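Let me begin by presenting the structure, written as structure tokens, before commenting on it.
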Amino acid sequence: MEISIAELAKLLNGVVEGNGSHVLNTVAKIEEGKTGALSFLANPKYEEHIYRTGSSAVLVNRSFTPSKEISTTLIRVDDPYAAFTFLLEKFSNPSAQLSGLEPMCFVHEHAKLGVEVYVGAFAYIAAGANVGDQTKVYPQVFIGANVQIGSNCIIYPGVKIYHECVIGNNCIIHASTVIGADGFGFAPLADRSYKKIPQTGNVIIEDDVEIGSNCSIDRATMGSTIIRKGVKLDNLIQVAHNVEIGEHTVIAGQAGVAGSTKLGKYVVVGGQVAIAGHLQIANGNQFGGQAGVLGNIVDEDKKWFGTPVMEVRDSLRSSAVIRRLPELMSRVDALEKELKKIKSE
Amino acid sequence: MEISIAELAKLLNGVVEGNGSHVLNTVAKIEEGKTGALSFLANPKYEEHIYRTGSSAVLVNRSFTPSKEISTTLIRVDDPYAAFTFLLEKFSNPSAQLSGLEPMCFVHEHAKLGVEVYVGAFAYIAAGANVGDQTKVYPQVFIGANVQIGSNCIIYPGVKIYHECVIGNNCIIHASTVIGADGFGFAPLADRSYKKIPQTGNVIIEDDVEIGSNCSIDRATMGSTIIRKGVKLDNLIQVAHNVEIGEHTVIAGQAGVAGSTKLGKYVVVGGQVAIAGHLQIANGNQFGGQAGVLGNIVDEDKKWFGTPVMEVRDSLRSSAVIRRLPELMSRVDALEKELKKIKSE
Amino acid sequence: MEISIAELAKLLNGVVEGNGSHVLNTVAKIEEGKTGALSFLANPKYEEHIYRTGSSAVLVNRSFTPSKEISTTLIRVDDPYAAFTFLLEKFSNPSAQLSGLEPMCFVHEHAKLGVEVYVGAFAYIAAGANVGDQTKVYPQVFIGANVQIGSNCIIYPGVKIYHECVIGNNCIIHASTVIGADGFGFAPLADRSYKKIPQTGNVIIEDDVEIGSNCSIDRATMGSTIIRKGVKLDNLIQVAHNVEIGEHTVIAGQAGVAGSTKLGKYVVVGGQVAIAGHLQIANGNQFGGQAGVLGNIVDEDKKWFGTPVMEVRDSLRSSAVIRRLPELMSRVDALEKELKKIKSE
């Protein structure tokens, strides 16, 4: 962005207090401010920083009353944090301007593109694929045969979407993620070798889903692997065949969900968690980092930790004793000796 | 697929019982059937579903005797499950039809392609590379200098194969997997910085191997990292430099094998398992999810769990006590108090 | 390489002992030697191999005195291992010869390339990007708007670098790694759905960094995710938003560092380790494979293991007791019984 403080205040329906003529060209945390930067003060805990910030302007509440002298320019608005994120979205999204087809992209004659679609160079869109309005397909993306993508999506560079998969509206998929590769299905044969079980289903991703980079979401053996509305996945996550992830569930980096497991809504899965196959996990359960889930979880809204998982409170208690196990062992040795002595007397 | 029930039965040498004129255009599990779908009934446990399935046709055994009225059309065959997978392979493999070179691919003048090879747009085949008959190279694949790929392989979009690597026949490699990047080898210097050790070996993948998406199989420092015949790897797996994985071993998602370790044949490795470097793992051992293997395993065909691994039976027993550790600690406290009391009396 | 033993010896300022006319075309470990291969003998432990190696030539110390008859040709040098790695670097780096722009690459008219840059086919370099002298950009790489890359870097096939990121000199980034995708930041709303927090920072990678394949290094929410000079990352690693990794720290495969954590210098992180967010880890700490770090580590140069981490010595002791827990439980049962008996007497 490149905008004067006065223009910015006007855009936000805000009031300038100080010099409004400086030009802003970046954003910064209030404690890391520098010339040309815009910051915000929403949490009173950070108030001290405003008296010595290097930022050229700071968004503050209309009611903010400084307790010391201030050298930066204030912009008074109704909700400084909301105003700040509004600006970030408006100015810092490089996808917003992209439109049209770049040279050297491949769009099959039987593929359909909506209005204002962007297709980057070296992107590949196969026969029967359908890309919705305003969706951005970055360079080097692969969109297989008959794939359906909704409107207003961002498909970052190098994403690979296999044939027949379906993606909703307002989805964001980050670079190098793979949607719809074959599930891991092999039948053991008598000679201990394996025969591939054809994976003929697909992946369905509903609206408002964001998926990080380098994830692997496998297609179903039959039917669909389903990622419900509003789900957020971090990076390097495995979602195996026939898994279903409920609405507004979030999963942190490097976690994995094995085949045919169903996660409920509002579940929170920590980093490197492993959830075994063919399980049912009730709504609202939360799993700490590296947890290992080996059985169904029937109750809602509980917190879990460890492998195999225990409720957090129990897990913390057991962990505390684990640290004292050598001591416990010595104490039992001592008890046995003393008891022997008593008995011999 | 798009085929009438009667035509399909003919293809399978089967007998139609009911209306053979309906057109089939998809497959479904018998309990999720719908108009136009073909299902199968192999396991008697599922028999109840055949009386209310929505599928237009169901493959059944020649000897099947319905115990209630049936509205779907039956196709009687020798082995319903075998017939079903035969059909899946025949009709649902979109790779089967691909052949020839798409525009905007790069094939070096000193690369060699077999007969009926497919090379997708934006695929790159470097000098000295050799791609066998009927192999499919999807868009955006990179095949480095002097890489040898056998016949009848499928290399999915975005796979990257570094120079000098060798891949056998009938292999499948899923999207964004990287074969032959440098092993993680650095020599510590006196100033605590590191110097790269050149990684001059390669990766050799034998016949009938399938590798999932987003895997990293590193080249050897010297010699070869080797994936033996029939190995199946899931997604997001790390195979470090100079590792050897024995025939028909299977490894689940997000597992990792550190440098120079040799896995035997028929080994089964669960998700997120970590196997340390420079180990020997005997044939047929099985590791539960998230296990951590820190030492050699000499005996064959055992089952392991936990970090560091214990045999499953022992691990389950210890886990049961871990849950009761706080109780155990209290009981030892009580014993000590009582003993003190007895002694003071 | 393709060079006679005599020529090679000249290059290394070495002395040939035996037939210098054979041609060398590969390298091998001394115990895996074959005709045409060069090996080295640095560690006296391996001396036995030199008497039966199949290699055509072996680099040895000037002072080496054979204790048996030798059939291979010796090349006497000052430091056999140093001579060997010098040769490896000289002959086995296929990047060394690459230069110029291949057809079908995309270099925006507002991008800048240094001298002797290589840009492979299907690579994409966006507006405002800057690529330093002698840097190699392999096929299918994506370099976003305003990205700055130093000189003498190797960016392997399929790497994706989002807009505004900065990479130093002499860096190596392996295939399919993603630099600068959005951090995992979402604000929970009243209806339990999530709103994306714009990720407007970048990633800064300093000089002499090597990053393996399929890694995900996220951009900062504001400010920068920073990888300091000399850091070495293995494959499939997650580095979350606003993380900072100190100089000459090494991280093994499949490890993850959560948001805003700062790792010191000379830290060593094992495979599949998880480090929670918002932590400070002091210089020189070492973490064994699969460790889970949940709190700050203030002391330097300690060794850690387990989840949650304990110092290695303590962890080994506790692990030993864990194996004996069922026995310990039985002993406490027995003690209680005996004490009850004593009391009743």
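In the structure tokens, chains take the letters A, B, ... in the order shown, each chain's residues start at 1, and ligands count up from 1 in the order shown.
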Sorted per-residue table, chain B near chain A, closest atoms and distance, 8 Å, only C-alpha atoms, as a Markdown table:
| residue | atom | partner | partner_atom | distance |
| --- | --- | --- | --- | --- |
| B:Val27 | CA | A:Met222 | CA | 7.5 |
| B:Ala28 | CA | A:Met222 | CA | 6.3 |
| B:Lys29 | CA | A:Met222 | CA | 7.0 |
| B:Thr85 | CA | A:Pro198 | CA | 6.8 |
| B:Leu88 | CA | A:Pro198 | CA | 6.3 |
| B:Glu89 | CA | A:Pro198 | CA | 6.3 |
| B:Ser92 | CA | A:Thr200 | CA | 6.2 |
| B:Pro94 | CA | A:His163 | CA | 7.9 |
| B:Met104 | CA | A:Met104 | CA | 7.6 |
| B:Ala121 | CA | A:Phe106 | CA | 7.5 |
| B:Phe122 | CA | A:Phe122 | CA | 6.2 |
| B:Pro139 | CA | A:Tyr124 | CA | 7.4 |
| B:Gln140 | CA | A:Gln140 | CA | 6.8 |
| B:Pro157 | CA | A:Lys160 | CA | 6.7 |
| B:Gly158 | CA | A:Gly158 | CA | 7.3 |
| B:His174 | CA | A:Ala181 | CA | 6.6 |
| B:Ala175 | CA | A:Val178 | CA | 6.5 |
| B:Ser176 | CA | A:Ser176 | CA | 6.6 |
| B:Gly212 | CA | A:Ala181 | CA | 7.6 |
| B:Ser213 | CA | A:Ser216 | CA | 6.4 |
| B:Asn214 | CA | A:Asn214 | CA | 6.6 |
| B:Gly230 | CA | A:Ser193 | CA | 6.6 |
| B:Asp234 | CA | A:Phe184 | CA | 6.0 |
| B:Asn235 | CA | A:Ser216 | CA | 6.7 |
| B:Leu236 | CA | A:Leu236 | CA | 7.3 |
| B:His248 | CA | A:Ser193 | CA | 5.4 |
| B:Gly253 | CA | A:Gln238 | CA | 7.0 |
| B:Gln254 | CA | A:Gln238 | CA | 7.6 |
| B:Tyr266 | CA | A:Arg192 | CA | 7.0 |
| B:Gly271 | CA | A:Ala274 | CA | 7.5 |
| B:Gln272 | CA | A:Ala274 | CA | 7.2 |
| B:Gly289 | CA | A:Ala274 | CA | 7.6 |
| B:Gln290 | CA | A:Gly292 | CA | 7.4 |
| B:Ser319 | CA | A:Pro308 | CA | 8.0 |
| B:Ile322 | CA | A:Ser318 | CA | 6.3 |
| B:Arg323 | CA | A:Ser318 | CA | 6.4 |
| B:Arg324 | CA | A:Ser318 | CA | 7.6 |
| B:Leu325 | CA | A:Ser318 | CA | 5.7 |
| B:Pro326 | CA | A:Ser318 | CA | 6.0 |
| B:Met329 | CA | A:Leu328 | CA | 7.2 |
| B:Val332 | CA | A:Val332 | CA | 7.2 |
| B:Leu335 | CA | A:Leu335 | CA | 7.8 |
| B:Glu336 | CA | A:Leu335 | CA | 7.0 |
| B:Leu339 | CA | A:Leu339 | CA | 7.8 |
Dump as a compact mmCIF listing (two decimals), in the first residue's frame, selection limited to N, CA and C atoms:
# COMPACT_ATOMS: atom_id res chain seq x y z
N VAL B 27 -20.28 -46.72 -9.55
CA VAL B 27 -20.26 -47.83 -8.60
C VAL B 27 -20.57 -47.28 -7.22
N ALA B 28 -21.06 -48.15 -6.34
CA ALA B 28 -21.37 -47.70 -4.98
C ALA B 28 -21.31 -48.90 -4.04
N LYS B 29 -21.05 -48.64 -2.76
CA LYS B 29 -21.22 -49.68 -1.76
C LYS B 29 -22.69 -50.07 -1.75
N THR B 85 -13.62 -55.58 -8.85
CA THR B 85 -12.34 -54.88 -8.95
C THR B 85 -11.83 -54.90 -10.40
N LEU B 88 -13.54 -52.03 -11.93
CA LEU B 88 -12.99 -50.75 -11.45
C LEU B 88 -11.71 -50.42 -12.19
N GLU B 89 -10.86 -51.43 -12.32
CA GLU B 89 -9.59 -51.19 -13.00
C GLU B 89 -9.82 -50.84 -14.46
N SER B 92 -12.31 -47.20 -14.36
CA SER B 92 -12.13 -45.98 -13.57
C SER B 92 -10.71 -45.44 -13.59
N PRO B 94 -8.28 -43.24 -15.19
CA PRO B 94 -8.23 -42.22 -16.25
C PRO B 94 -6.89 -42.20 -16.95
N MET B 104 3.75 -28.11 -25.23
CA MET B 104 4.40 -27.42 -24.11
C MET B 104 4.98 -28.40 -23.09
N ALA B 121 1.72 -31.81 -20.54
CA ALA B 121 2.23 -30.44 -20.68
C ALA B 121 3.05 -30.06 -19.45
N PHE B 122 4.09 -29.29 -19.66
CA PHE B 122 4.92 -28.74 -18.58
C PHE B 122 5.73 -29.82 -17.86
N PRO B 139 1.52 -34.02 -16.27
CA PRO B 139 2.02 -32.64 -16.34
C PRO B 139 2.87 -32.28 -15.12
N GLN B 140 3.84 -31.39 -15.38
CA GLN B 140 4.62 -30.75 -14.31
C GLN B 140 5.55 -31.71 -13.58
N PRO B 157 1.19 -35.92 -11.40
CA PRO B 157 1.63 -34.52 -11.59
C PRO B 157 2.57 -34.03 -10.50
N GLY B 158 3.59 -33.33 -10.93
CA GLY B 158 4.47 -32.64 -9.99
C GLY B 158 5.51 -33.51 -9.31
N HIS B 174 2.86 -40.97 -6.65
CA HIS B 174 1.82 -39.94 -6.58
C HIS B 174 2.40 -38.52 -6.50
N ALA B 175 1.49 -37.58 -6.68
CA ALA B 175 1.85 -36.17 -6.91
C ALA B 175 2.78 -35.59 -5.86
N SER B 176 3.70 -34.76 -6.33
CA SER B 176 4.59 -33.95 -5.49
C SER B 176 5.60 -34.75 -4.68
N GLY B 212 3.08 -42.91 -2.22
CA GLY B 212 2.03 -41.90 -2.10
C GLY B 212 2.52 -40.50 -2.43
N SER B 213 1.72 -39.52 -2.09
CA SER B 213 2.03 -38.13 -2.43
C SER B 213 2.90 -37.47 -1.37
N ASN B 214 3.65 -36.47 -1.78
CA ASN B 214 4.47 -35.65 -0.87
C ASN B 214 5.46 -36.46 -0.04
N GLY B 230 7.79 -54.46 -4.85
CA GLY B 230 6.50 -54.64 -4.20
C GLY B 230 6.26 -53.78 -2.97
N ASP B 234 2.80 -45.01 1.86
CA ASP B 234 1.69 -44.06 1.94
C ASP B 234 2.24 -42.62 1.70
N ASN B 235 1.56 -41.62 2.18
CA ASN B 235 1.93 -40.22 1.93
C ASN B 235 2.89 -39.65 2.98
N LEU B 236 3.60 -38.60 2.60
CA LEU B 236 4.36 -37.75 3.54
C LEU B 236 5.41 -38.55 4.32
N HIS B 248 8.09 -56.08 -0.39
CA HIS B 248 6.72 -56.21 0.11
C HIS B 248 6.56 -55.66 1.53
N GLY B 253 1.34 -43.54 6.50
CA GLY B 253 1.61 -42.12 6.32
C GLY B 253 2.44 -41.47 7.42
N GLN B 254 3.30 -40.53 7.02
CA GLN B 254 4.04 -39.67 7.93
C GLN B 254 5.08 -40.43 8.75
N TYR B 266 8.48 -57.81 4.21
CA TYR B 266 7.17 -58.01 4.85
C TYR B 266 7.03 -57.24 6.17
N GLY B 271 1.52 -45.48 10.96
CA GLY B 271 1.62 -44.04 10.72
C GLY B 271 2.48 -43.33 11.75
N GLN B 272 3.25 -42.35 11.33
CA GLN B 272 4.06 -41.51 12.22
C GLN B 272 5.10 -42.29 13.02
N GLY B 289 1.28 -47.40 15.30
CA GLY B 289 1.39 -45.97 15.01
C GLY B 289 2.18 -45.22 16.07
N GLN B 290 3.02 -44.26 15.63
CA GLN B 290 3.81 -43.38 16.50
C GLN B 290 4.91 -44.11 17.26
N SER B 319 1.08 -49.49 29.85
CA SER B 319 0.15 -48.37 29.65
C SER B 319 -0.97 -48.41 30.68
N ILE B 322 0.36 -47.04 33.82
CA ILE B 322 0.62 -45.58 33.72
C ILE B 322 -0.62 -44.79 34.11
N ARG B 323 -1.77 -45.26 33.67
CA ARG B 323 -3.03 -44.59 34.03
C ARG B 323 -3.27 -44.61 35.54
N ARG B 324 -2.69 -45.62 36.23
CA ARG B 324 -2.92 -45.76 37.67
C ARG B 324 -1.74 -45.26 38.49
N LEU B 325 -0.79 -44.57 37.85
CA LEU B 325 0.42 -44.14 38.58
C LEU B 325 0.12 -43.22 39.75
N PRO B 326 -0.75 -42.23 39.62
CA PRO B 326 -1.02 -41.37 40.79
C PRO B 326 -1.55 -42.19 41.97
N MET B 329 1.36 -44.11 43.53
CA MET B 329 2.17 -43.22 44.36
C MET B 329 1.51 -43.01 45.72
N VAL B 332 1.97 -46.07 47.92
CA VAL B 332 3.32 -46.17 48.49
C VAL B 332 3.47 -45.18 49.64
N LEU B 335 1.76 -46.79 52.59
CA LEU B 335 2.56 -47.90 53.12
C LEU B 335 3.69 -47.38 53.99
N GLU B 336 4.36 -46.33 53.52
CA GLU B 336 5.48 -45.80 54.29
C GLU B 336 5.02 -45.27 55.65
N LEU B 339 4.14 -48.19 57.94
CA LEU B 339 5.32 -48.89 58.39
C LEU B 339 6.04 -48.11 59.49
Which residues, written as number ranges by chain, have at least one atom at most 7 Å from Glu210 of chain C, with only C-alpha atoms counted and residues fewer than 4 positions away on the same chain left out?
C: 171-173, 231-233
Computed interatomic separation between atom CA of Ile245 of chain C and atom CA of Tyr46 of chain A (Å)
26.1 Å
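Considering the residues C:Ile211, C:Ala129, C:Val243, C:Ile281 and counting only C-alpha atoms, Ile226 of chain C has its shortest atom-to-atom contact with C:Val243.
Between atom CA of Ser330 of chain C and atom CA of Asp333 of chain B the interatomic distance comes to 16.0 Å.
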Identify, on the basis of only C-alpha atoms, every residue whose closest approach to Phe305 of chain C does not exceed 6 Å; exclude the query and any residue fewer than 6 positions from it along the same chain; express the result as a compact mmCIF listing (two decimals) with N, CA, C and O atoms, in the first residue's frame.
# COMPACT_ATOMS: atom_id res chain seq x y z
N PHE C 287 17.62 -32.29 21.08
CA PHE C 287 16.36 -33.00 21.32
C PHE C 287 16.35 -34.31 20.56
O PHE C 287 16.49 -34.32 19.33
N GLY C 288 16.15 -35.43 21.27
CA GLY C 288 16.09 -36.73 20.62
C GLY C 288 14.81 -36.88 19.78
O GLY C 288 13.83 -36.16 19.98
N ALA C 291 10.73 -36.16 20.44
CA ALA C 291 10.54 -35.39 21.67
C ALA C 291 9.42 -34.37 21.48
O ALA C 291 9.15 -33.93 20.36
N VAL C 312 17.95 -36.39 29.13
CA VAL C 312 18.12 -37.74 28.61
C VAL C 312 18.36 -38.75 29.73
O VAL C 312 17.75 -39.81 29.77
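Between atom CA of Lys34 of chain A and atom CA of Ser63 of chain A the interatomic distance comes to 24.8 Å.
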Do you know which residues are at most 12 Å from Ala282 of chain A counting only C-alpha atoms, after dropping those on the same chain fewer than 2 positions away, and could you put them as an NGL selection string?
:A and (245-246 or 249 or 261-268 or 279-280 or 284-286 or 295-303)
